[in-house]
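To be precise, the following lines are query25.cif, and they hold mmCIF, C-alpha atoms, pLDDT in the B column; chains and numbers go by the auth columns.
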```cif
data_final
#
loop_
_atom_site.group_PDB
_atom_site.id
_atom_site.type_symbol
_atom_site.label_atom_id
_atom_site.label_comp_id
_atom_site.label_asym_id
_atom_site.label_seq_id
_atom_site.Cartn_x
_atom_site.Cartn_y
_atom_site.Cartn_z
_atom_site.B_iso_or_equiv
_atom_site.auth_seq_id
_atom_site.auth_asym_id
ATOM 1 C CA MET A 1 39.756 20.209 -31.701 89.00 1 A
ATOM 2 C CA GLN A 2 43.087 18.483 -32.100 92.00 2 A
ATOM 3 C CA ILE A 3 45.868 17.295 -29.813 96.00 3 A
ATOM 4 C CA ALA A 4 49.353 18.583 -30.566 97.00 4 A
ATOM 5 C CA LYS A 5 52.837 18.752 -29.063 97.00 5 A
ATOM 6 C CA VAL A 6 54.574 22.111 -28.780 98.00 6 A
ATOM 7 C CA ARG A 7 57.807 21.971 -30.795 98.00 7 A
ATOM 8 C CA GLY A 8 58.881 25.592 -30.670 98.00 8 A
ATOM 9 C CA THR A 9 57.953 29.214 -31.117 97.00 9 A
ATOM 10 C CA VAL A 10 57.461 31.369 -34.181 96.00 10 A
ATOM 11 C CA VAL A 11 58.745 34.939 -34.070 94.00 11 A
ATOM 12 C CA SER A 12 57.579 37.545 -36.547 90.00 12 A
ATOM 13 C CA THR A 13 58.557 41.199 -36.362 88.00 13 A
ATOM 14 C CA GLN A 14 56.313 42.191 -39.288 89.00 14 A
ATOM 15 C CA LYS A 15 52.690 41.143 -38.794 85.00 15 A
ATOM 16 C CA ASP A 16 49.120 42.334 -38.637 84.00 16 A
ATOM 17 C CA PRO A 17 48.892 44.939 -35.845 86.00 17 A
ATOM 18 C CA THR A 18 46.229 42.887 -34.028 79.00 18 A
ATOM 19 C CA LEU A 19 48.780 40.081 -33.570 80.00 19 A
ATOM 20 C CA ARG A 20 51.210 42.222 -31.581 84.00 20 A
ATOM 21 C CA GLY A 21 51.837 40.580 -28.241 84.00 21 A
ATOM 22 C CA VAL A 22 50.419 37.238 -29.345 87.00 22 A
ATOM 23 C CA LYS A 23 52.736 34.276 -28.692 92.00 23 A
ATOM 24 C CA LEU A 24 52.845 31.943 -31.694 94.00 24 A
ATOM 25 C CA LEU A 25 53.731 28.275 -31.255 97.00 25 A
ATOM 26 C CA LEU A 26 54.903 25.660 -33.739 98.00 26 A
ATOM 27 C CA LEU A 27 52.881 22.521 -33.051 97.00 27 A
ATOM 28 C CA GLN A 28 53.231 18.956 -34.249 98.00 28 A
ATOM 29 C CA LEU A 29 49.956 17.054 -34.403 97.00 29 A
ATOM 30 C CA VAL A 30 49.298 13.870 -32.394 96.00 30 A
ATOM 31 C CA ASP A 31 47.008 10.994 -33.446 93.00 31 A
ATOM 32 C CA GLU A 32 44.470 9.119 -31.293 87.00 32 A
ATOM 33 C CA ASN A 33 47.125 6.607 -30.187 90.00 33 A
ATOM 34 C CA GLY A 34 49.507 9.285 -28.967 92.00 34 A
ATOM 35 C CA ASN A 35 51.814 9.012 -31.972 95.00 35 A
ATOM 36 C CA ILE A 36 53.421 12.168 -33.290 95.00 36 A
ATOM 37 C CA VAL A 37 52.442 12.650 -36.933 96.00 37 A
ATOM 38 C CA PRO A 38 54.450 14.555 -39.567 95.00 38 A
ATOM 39 C CA GLU A 39 52.010 17.479 -39.680 92.00 39 A
ATOM 40 C CA TYR A 40 52.777 20.886 -38.241 95.00 40 A
ATOM 41 C CA GLU A 41 50.670 23.929 -37.497 95.00 41 A
ATOM 42 C CA VAL A 42 51.182 27.404 -36.079 94.00 42 A
ATOM 43 C CA ALA A 43 48.717 28.542 -33.432 94.00 43 A
ATOM 44 C CA ALA A 44 48.267 31.495 -31.104 91.00 44 A
ATOM 45 C CA ASP A 45 48.971 30.553 -27.491 93.00 45 A
ATOM 46 C CA ILE A 46 46.442 31.888 -25.002 89.00 46 A
ATOM 47 C CA VAL A 47 47.253 29.560 -22.084 93.00 47 A
ATOM 48 C CA GLY A 48 51.040 29.914 -21.678 95.00 48 A
ATOM 49 C CA ALA A 49 52.116 26.539 -23.073 97.00 49 A
ATOM 50 C CA GLY A 50 55.773 25.615 -23.301 95.00 50 A
ATOM 51 C CA VAL A 51 57.977 23.492 -25.531 96.00 51 A
ATOM 52 C CA ASP A 52 57.299 19.726 -25.277 96.00 52 A
ATOM 53 C CA GLU A 53 53.905 20.172 -23.601 96.00 53 A
ATOM 54 C CA TRP A 54 50.865 18.525 -25.153 97.00 54 A
ATOM 55 C CA VAL A 55 48.055 20.933 -25.865 97.00 55 A
ATOM 56 C CA LEU A 56 44.545 21.131 -27.240 96.00 56 A
ATOM 57 C CA ILE A 57 44.028 23.384 -30.237 94.00 57 A
ATOM 58 C CA THR A 58 40.904 24.731 -31.817 90.00 58 A
ATOM 59 C CA ARG A 59 40.626 25.966 -35.384 85.00 59 A
ATOM 60 C CA GLY A 60 38.621 28.253 -37.608 70.00 60 A
ATOM 61 C CA SER A 61 35.896 30.445 -36.159 60.00 61 A
ATOM 62 C CA ALA A 62 36.219 28.665 -32.796 59.00 62 A
ATOM 63 C CA ALA A 63 39.762 30.079 -32.471 57.00 63 A
ATOM 64 C CA ARG A 64 38.249 33.559 -32.666 54.00 64 A
ATOM 65 C CA GLN A 65 35.656 32.867 -29.969 57.00 65 A
ATOM 66 C CA VAL A 66 38.308 33.216 -27.264 58.00 66 A
ATOM 67 C CA VAL A 67 37.980 36.560 -25.466 52.00 67 A
ATOM 68 C CA GLY A 68 40.362 39.049 -27.072 58.00 68 A
ATOM 69 C CA ASN A 69 40.732 37.101 -30.323 52.00 69 A
ATOM 70 C CA GLU A 70 37.454 38.148 -31.958 60.00 70 A
ATOM 71 C CA GLN A 71 39.112 40.602 -34.364 67.00 71 A
ATOM 72 C CA ARG A 72 42.423 38.799 -34.877 67.00 72 A
ATOM 73 C CA PRO A 73 43.170 36.931 -38.112 67.00 73 A
ATOM 74 C CA LEU A 74 43.627 33.578 -36.370 77.00 74 A
ATOM 75 C CA ASP A 75 42.961 30.149 -37.767 80.00 75 A
ATOM 76 C CA ALA A 76 44.217 28.158 -34.760 89.00 76 A
ATOM 77 C CA ALA A 77 44.565 28.761 -31.023 91.00 77 A
ATOM 78 C CA VAL A 78 45.958 26.727 -28.140 95.00 78 A
ATOM 79 C CA VAL A 79 43.111 26.578 -25.619 93.00 79 A
ATOM 80 C CA ALA A 80 44.372 24.037 -23.048 95.00 80 A
ATOM 81 C CA ILE A 81 47.487 22.344 -21.710 97.00 81 A
ATOM 82 C CA ILE A 82 46.832 18.614 -21.372 97.00 82 A
ATOM 83 C CA ASP A 83 47.528 16.796 -18.102 96.00 83 A
ATOM 84 C CA THR A 84 46.431 13.266 -19.082 95.00 84 A
ATOM 85 C CA ILE A 85 44.798 11.408 -21.951 94.00 85 A
ATOM 86 C CA TYR A 86 43.028 8.083 -21.542 93.00 86 A
ATOM 87 C CA VAL A 87 41.590 6.059 -24.418 89.00 87 A
ATOM 88 C CA GLU A 88 39.536 2.985 -23.495 89.00 88 A
ATOM 89 C CA ASP A 89 41.046 2.875 -19.986 90.00 89 A
ATOM 90 C CA ARG A 90 44.568 3.016 -21.448 91.00 90 A
ATOM 91 C CA LEU A 91 46.866 5.891 -20.502 93.00 91 A
ATOM 92 C CA ILE A 92 48.063 7.555 -23.713 92.00 92 A
ATOM 93 C CA TYR A 93 49.782 10.567 -22.152 94.00 93 A
ATOM 94 C CA SER A 94 50.608 11.916 -18.712 94.00 94 A
ATOM 95 C CA LYS A 95 52.295 15.264 -18.280 92.00 95 A
ATOM 96 C CA LYS A 96 53.899 14.207 -14.987 89.00 96 A
ATOM 97 C CA ASP A 97 55.614 11.261 -16.737 83.00 97 A
ATOM 98 C CA GLN A 98 57.260 13.575 -19.279 71.00 98 A
ATOM 99 C CA TYR A 99 59.587 15.324 -16.828 60.00 99 A
#
```

Can you dump the structure from the file as structure tokens?
Amino acid sequence: MQIAKVRGTVVSTQKDPTLRGVKLLLLQLVDENGNIVPEYEVAADIVGAGVDEWVLITRGSAARQVVGNEQRPLDAAVVAIIDTIYVEDRLIYSKKDQY
């Protein structure tokens, strides 16, 4: 799994029929120190994440283990919205401090 920040949404009118109704998010990856890195990814959102929230994504076959995604051509899925991240007793991120 990977931590990422939601940067926006991706809209596609022409897509695989199994992706109809799936919200796609543009994510920017975050390193272990909480720094935003210049890598982006598109993932299906199954938890209702919004722009600027930090999320947890899963990739590959794990993205298809989510109920309802088994037959979708997904490589990445947002599986959690992060509230806080601590590394070695140091606060890296707190959702409440972002607003």

Counting only C-alpha atoms, the residue of A:Ala77, A:Asp52, A:Gly34, A:Arg59 that sits nearest A:Ile92: A:Gly34

Counting only C-alpha atoms, the option among A:Val37, A:Arg7, A:Asp45, A:Ile82 closest to A:Leu19: A:Asp45

Proximity to A:Val42 - best of A:Val30, A:Val10, A:Lys15, A:Val55, all atoms listed in the file: A:Val10

Distance of atom CA of A:Gln2 from atom CA of A:Glu53, expressed in Å to one decimal place: 13.9 Å

Residue contacts of A:Asp31 (12 Å, only C-alpha atoms) excluding same-chain residues fewer than 3 positions away, as a PyMOL selection string: chain A and resi 1-5+28+34-39+54+85+87+92-93

For A:Ala76, the nearest of the candidates A:Leu91, A:Ala44, A:Leu56, A:Ala49, counting all atoms listed in the file: A:Ala44

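Interatomic distance, atom CA of A:Lys23 to atom CA of A:Lys95: 21.7 Å.
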
Atomic distance atom CA of A:Gly50 - atom CA of A:Val22, expressed in Å with one decimal: 14.2 Å

Shortest interatomic distance to A:Arg90 - which of A:Asp16, A:Asn33, A:Leu74, A:Val11, counting all atoms listed in the file: A:Asn33

How big is the axis-aligned box around all listed atoms of stretch 50-59 of chain A once 4 Å goes on each side, and where's its centre, in Å to one decimal, as lines of an AutoDock Vina configuration file?
```
center_x = 49.3
center_y = 22.2
center_z = -29.3
size_x = 25.4
size_y = 15.4
size_z = 20.1
```

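Between A:Val6 and the residues A:Val51, A:Glu32, A:Ile46, A:Ala80, the shortest atom-to-atom distance, using all atoms listed in the file, involves A:Val51.
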
Residues within 8 Å of A:Val47, all atoms listed in the file, excluding chain neighbours under 5 positions, as JSON, numbers by chain: {"A": [78, 79, 80, 81]}
